[in-house]
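Coordinates as given in final07.pdb (PDB, C-alpha atoms, pLDDT in the B column):
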```pdb
ATOM      1  CA  MET A  18     -57.344  83.348 -49.106  1.00 48.00           C
ATOM      2  CA  PHE A  19     -55.223  86.538 -48.854  1.00 51.00           C
ATOM      3  CA  PRO A  20     -51.574  85.727 -48.162  1.00 49.00           C
ATOM      4  CA  GLY A  21     -49.863  87.996 -45.659  1.00 50.00           C
ATOM      5  CA  LEU A  22     -53.025  88.969 -43.797  1.00 70.00           C
ATOM      6  CA  ASP A  23     -52.558  86.575 -40.890  1.00 79.00           C
ATOM      7  CA  LEU A  24     -53.226  88.577 -37.719  1.00 82.00           C
ATOM      8  CA  PHE A  25     -52.829  86.512 -34.519  1.00 84.00           C
ATOM      9  CA  ALA A  26     -54.050  83.413 -36.435  1.00 86.00           C
ATOM     10  CA  ARG A  27     -53.661  81.959 -39.925  1.00 87.00           C
ATOM     11  CA  GLY A  28     -56.185  83.582 -42.285  1.00 87.00           C
ATOM     12  CA  ALA A  29     -57.368  86.184 -39.741  1.00 91.00           C
ATOM     13  CA  LEU A  30     -57.498  89.893 -40.447  1.00 91.00           C
ATOM     14  CA  ALA A  31     -58.639  93.115 -38.816  1.00 92.00           C
ATOM     15  CA  GLY A  32     -59.757  96.477 -40.089  1.00 92.00           C
ATOM     16  CA  ILE A  33     -60.440 100.021 -38.988  1.00 94.00           C
ATOM     17  CA  ALA A  34     -62.528 102.478 -41.002  1.00 94.00           C
ATOM     18  CA  ALA A  35     -63.748 106.043 -40.659  1.00 96.00           C
ATOM     19  CA  GLY A  36     -66.060 107.951 -42.959  1.00 93.00           C
ATOM     20  CA  GLN A  37     -68.434 110.849 -43.307  1.00 88.00           C
ATOM     21  CA  PRO A  38     -71.559 111.117 -45.425  1.00 81.00           C
ATOM     22  CA  PHE A  39     -72.024 114.169 -47.621  1.00 74.00           C
ATOM     23  CA  ILE A  40     -72.114 117.280 -45.464  1.00 69.00           C
ATOM     24  CA  ALA A  41     -74.991 119.703 -46.097  1.00 67.00           C
ATOM     25  CA  THR A  42     -75.331 122.661 -43.734  1.00 68.00           C
ATOM     26  CA  GLU A  43     -79.088 122.761 -44.455  1.00 72.00           C
ATOM     27  CA  VAL A  44     -79.451 119.384 -42.727  1.00 70.00           C
ATOM     28  CA  GLY A  45     -77.918 120.162 -39.359  1.00 73.00           C
ATOM     29  CA  ASN A  46     -75.317 121.788 -37.185  1.00 75.00           C
ATOM     30  CA  GLY A  47     -72.906 118.864 -36.814  1.00 74.00           C
ATOM     31  CA  THR A  48     -70.719 116.613 -38.859  1.00 84.00           C
ATOM     32  CA  GLN A  49     -71.730 112.954 -38.641  1.00 90.00           C
ATOM     33  CA  THR A  50     -68.685 110.708 -38.475  1.00 93.00           C
ATOM     34  CA  ASN A  51     -68.823 106.904 -38.620  1.00 95.00           C
ATOM     35  CA  TYR A  52     -66.137 104.594 -37.210  1.00 97.00           C
ATOM     36  CA  GLU A  53     -65.892 100.804 -37.475  1.00 96.00           C
ATOM     37  CA  VAL A  54     -63.460  98.235 -36.078  1.00 95.00           C
ATOM     38  CA  PHE A  55     -63.623  94.509 -36.881  1.00 94.00           C
ATOM     39  CA  TYR A  56     -61.664  91.286 -36.498  1.00 94.00           C
ATOM     40  CA  ASN A  57     -62.321  88.432 -38.942  1.00 93.00           C
ATOM     41  CA  PHE A  58     -61.317  85.083 -37.415  1.00 93.00           C
ATOM     42  CA  PRO A  59     -61.470  81.752 -39.283  1.00 93.00           C
ATOM     43  CA  VAL A  60     -62.700  78.959 -37.007  1.00 93.00           C
ATOM     44  CA  ASN A  61     -62.222  76.322 -39.716  1.00 93.00           C
ATOM     45  CA  ASP A  62     -62.490  76.033 -43.532  1.00 89.00           C
ATOM     46  CA  ASN A  63     -66.265  76.569 -43.403  1.00 94.00           C
ATOM     47  CA  LEU A  64     -66.837  79.084 -40.594  1.00 96.00           C
ATOM     48  CA  ARG A  65     -65.592  82.625 -39.953  1.00 95.00           C
ATOM     49  CA  ILE A  66     -66.536  84.788 -36.957  1.00 96.00           C
ATOM     50  CA  THR A  67     -66.385  88.573 -37.204  1.00 95.00           C
ATOM     51  CA  PRO A  68     -67.122  90.712 -34.156  1.00 96.00           C
ATOM     52  CA  LEU A  69     -67.380  94.402 -35.008  1.00 96.00           C
ATOM     53  CA  VAL A  70     -68.093  97.694 -33.288  1.00 98.00           C
ATOM     54  CA  GLN A  71     -69.558 100.754 -35.002  1.00 97.00           C
ATOM     55  CA  VAL A  72     -69.629 104.266 -33.532  1.00 98.00           C
ATOM     56  CA  VAL A  73     -71.631 107.147 -35.040  1.00 96.00           C
ATOM     57  CA  VAL A  74     -70.793 110.616 -33.744  1.00 94.00           C
ATOM     58  CA  ASP A  75     -73.314 113.451 -34.302  1.00 91.00           C
ATOM     59  CA  PRO A  76     -75.881 111.141 -35.978  1.00 90.00           C
ATOM     60  CA  GLY A  77     -78.105 112.898 -38.466  1.00 86.00           C
ATOM     61  CA  ASN A  78     -75.578 115.771 -38.571  1.00 86.00           C
ATOM     62  CA  GLN A  79     -77.037 117.037 -35.281  1.00 86.00           C
ATOM     63  CA  GLN A  80     -74.631 117.953 -32.452  1.00 88.00           C
ATOM     64  CA  ASP A  81     -77.423 117.464 -29.909  1.00 91.00           C
ATOM     65  CA  ASN A  82     -77.876 113.779 -30.834  1.00 92.00           C
ATOM     66  CA  ASP A  83     -76.113 111.276 -28.595  1.00 95.00           C
ATOM     67  CA  THR A  84     -73.325 109.139 -30.013  1.00 96.00           C
ATOM     68  CA  ILE A  85     -74.535 105.723 -31.182  1.00 97.00           C
ATOM     69  CA  VAL A  86     -72.459 102.605 -30.421  1.00 98.00           C
ATOM     70  CA  THR A  87     -73.452  99.234 -31.876  1.00 98.00           C
ATOM     71  CA  GLY A  88     -71.890  95.815 -31.660  1.00 98.00           C
ATOM     72  CA  THR A  89     -72.410  92.981 -34.106  1.00 97.00           C
ATOM     73  CA  LEU A  90     -71.325  89.359 -34.224  1.00 97.00           C
ATOM     74  CA  ARG A  91     -71.281  88.093 -37.806  1.00 96.00           C
ATOM     75  CA  LEU A  92     -71.019  84.377 -38.616  1.00 96.00           C
ATOM     76  CA  VAL A  93     -70.201  83.373 -42.185  1.00 94.00           C
ATOM     77  CA  PHE A  94     -70.743  79.792 -43.263  1.00 95.00           C
ATOM     78  CA  ASP A  95     -68.979  78.771 -46.471  1.00 90.00           C
ATOM     79  CA  PHE A  96     -70.260  75.700 -48.332  1.00 85.00           C
TER      80      PHE A  96
END
```

Spit out the file's structure as C-alpha cells when you get a sec.
Amino acid sequence: MFPGLDLFARGALAGIAAGQPFIATEVGNGTQTNYEVFYNFPVNDNLRITPLVQVVVDPGNQQDNDTIVTGTLRLVFDF
C-alpha cells in the first residue's frame, strides 16, 4: 500500500483536515469551517474500517446556526 504510513498497526493511517468554502458576505454573517478526523484501519487484505468525525462550525455561514457534529463508520471491501 503506502510504505511508512503504519500508525499503530501495519497499513493503518490517520488524517486531520480543515477547510472553508468560498466566503461571500452576501450569504451570511459567519465563516463556515469544516473539520474532519479519521483513522483507516486494515482488518485484513480485503477489509478496511474507517471511523471518522466531521464538525461544521457556523453552517451556512450563519453565526446563529448550531455547530454540526457527525460520525461515520466506513467499511471498504476489496475484491

Explicit residue set for the PyMOL selection byres ((chain A and resi 87) around 9), as a count of residues only: 9

Take the PyMOL selection byres ((chain A and resi 45-57) around 9), apply it to the structure above, and return the hits as a ChimeraX atom specification. /A:24,28-38,40-44,58-59,65-81

Need to verify the contact set: Phe96 in chain A, 10 Å, only C-alpha atoms, exclusion of same-chain residues closer than 2 positions in sequence. Can you return it as a ChimeraX atom specification? /A:62-64,93-94

Quick one: 8 Å padding each side, axis-aligned, all listed atoms of range 38-52 of chain A - centre and edge lengths in Å to one decimal, as lines of an AutoDock Vina configuration file?
```
center_x = -72.8
center_y = 113.7
center_z = -42.2
size_x = 29.3
size_y = 34.2
size_z = 26.8
```

Complete the atoms of range 18-53 of chain A to N, CA and C atoms and put them out as a compact mmCIF listing (two decimals), in the coordinates of the input.
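Once written, result-v6.txt looks like this:
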```
# COMPACT_ATOMS: atom_id res chain seq x y z
N MET A 18 -56.56 82.14 -49.26
CA MET A 18 -57.34 83.35 -49.11
C MET A 18 -56.48 84.53 -49.51
N PHE A 19 -56.08 85.40 -48.57
CA PHE A 19 -55.22 86.54 -48.85
C PHE A 19 -53.90 86.33 -48.13
N PRO A 20 -52.85 85.96 -48.84
CA PRO A 20 -51.57 85.73 -48.16
C PRO A 20 -51.06 87.00 -47.51
N GLY A 21 -50.45 86.86 -46.35
CA GLY A 21 -49.86 88.00 -45.66
C GLY A 21 -50.83 88.74 -44.75
N LEU A 22 -52.07 88.28 -44.65
CA LEU A 22 -53.02 88.97 -43.80
C LEU A 22 -53.31 88.19 -42.52
N ASP A 23 -52.38 87.39 -42.09
CA ASP A 23 -52.56 86.58 -40.89
C ASP A 23 -52.30 87.43 -39.66
N LEU A 24 -53.36 87.76 -38.92
CA LEU A 24 -53.23 88.58 -37.72
C LEU A 24 -53.63 87.75 -36.50
N PHE A 25 -52.66 87.34 -35.72
CA PHE A 25 -52.83 86.51 -34.52
C PHE A 25 -53.22 85.07 -34.83
N ALA A 26 -53.69 84.78 -36.03
CA ALA A 26 -54.05 83.41 -36.44
C ALA A 26 -53.99 83.33 -37.96
N ARG A 27 -53.75 82.15 -38.47
CA ARG A 27 -53.66 81.96 -39.92
C ARG A 27 -55.00 82.30 -40.58
N GLY A 28 -54.98 83.20 -41.56
CA GLY A 28 -56.18 83.58 -42.28
C GLY A 28 -57.02 84.67 -41.63
N ALA A 29 -56.61 85.15 -40.45
CA ALA A 29 -57.37 86.18 -39.74
C ALA A 29 -56.92 87.57 -40.19
N LEU A 30 -57.84 88.51 -40.12
CA LEU A 30 -57.50 89.89 -40.45
C LEU A 30 -58.36 90.84 -39.65
N ALA A 31 -57.91 92.09 -39.55
CA ALA A 31 -58.64 93.12 -38.82
C ALA A 31 -58.70 94.37 -39.67
N GLY A 32 -59.64 95.24 -39.34
CA GLY A 32 -59.76 96.48 -40.09
C GLY A 32 -60.32 97.60 -39.24
N ILE A 33 -59.94 98.81 -39.62
CA ILE A 33 -60.44 100.02 -38.99
C ILE A 33 -60.87 100.95 -40.11
N ALA A 34 -62.04 101.57 -39.97
CA ALA A 34 -62.53 102.48 -41.00
C ALA A 34 -63.15 103.71 -40.36
N ALA A 35 -63.09 104.81 -41.07
CA ALA A 35 -63.75 106.04 -40.66
C ALA A 35 -64.30 106.70 -41.91
N GLY A 36 -65.47 107.30 -41.79
CA GLY A 36 -66.06 107.95 -42.96
C GLY A 36 -67.10 108.98 -42.56
N GLN A 37 -67.41 109.84 -43.52
CA GLN A 37 -68.43 110.85 -43.31
C GLN A 37 -69.34 110.89 -44.52
N PRO A 38 -70.65 110.94 -44.30
CA PRO A 38 -71.56 111.12 -45.42
C PRO A 38 -71.42 112.54 -45.96
N PHE A 39 -72.06 112.82 -47.07
CA PHE A 39 -72.02 114.17 -47.62
C PHE A 39 -72.49 115.17 -46.57
N ILE A 40 -71.79 116.26 -46.46
CA ILE A 40 -72.11 117.28 -45.46
C ILE A 40 -72.94 118.38 -46.12
N ALA A 41 -74.13 118.63 -45.60
CA ALA A 41 -74.99 119.70 -46.10
C ALA A 41 -75.40 120.55 -44.90
N THR A 42 -75.03 121.80 -44.88
CA THR A 42 -75.33 122.66 -43.73
C THR A 42 -76.83 122.86 -43.55
N GLU A 43 -77.64 122.63 -44.59
CA GLU A 43 -79.09 122.76 -44.46
C GLU A 43 -79.67 121.65 -43.57
N VAL A 44 -78.94 120.55 -43.44
CA VAL A 44 -79.45 119.38 -42.73
C VAL A 44 -79.25 119.51 -41.22
N GLY A 45 -78.15 120.10 -40.79
CA GLY A 45 -77.92 120.16 -39.36
C GLY A 45 -76.74 121.02 -38.99
N ASN A 46 -76.39 120.96 -37.70
CA ASN A 46 -75.32 121.79 -37.18
C ASN A 46 -74.10 120.98 -36.77
N GLY A 47 -74.02 119.73 -37.18
CA GLY A 47 -72.91 118.86 -36.81
C GLY A 47 -72.36 118.15 -38.02
N THR A 48 -71.32 117.41 -37.79
CA THR A 48 -70.72 116.61 -38.86
C THR A 48 -70.73 115.16 -38.42
N GLN A 49 -71.65 114.37 -38.99
CA GLN A 49 -71.73 112.95 -38.64
C GLN A 49 -70.44 112.27 -39.07
N THR A 50 -69.89 111.48 -38.17
CA THR A 50 -68.68 110.71 -38.48
C THR A 50 -68.93 109.28 -38.02
N ASN A 51 -68.62 108.32 -38.90
CA ASN A 51 -68.82 106.90 -38.62
C ASN A 51 -67.47 106.22 -38.48
N TYR A 52 -67.35 105.37 -37.44
CA TYR A 52 -66.14 104.59 -37.21
C TYR A 52 -66.53 103.12 -37.11
N GLU A 53 -65.64 102.24 -37.58
CA GLU A 53 -65.89 100.80 -37.48
C GLU A 53 -64.57 100.09 -37.24
```
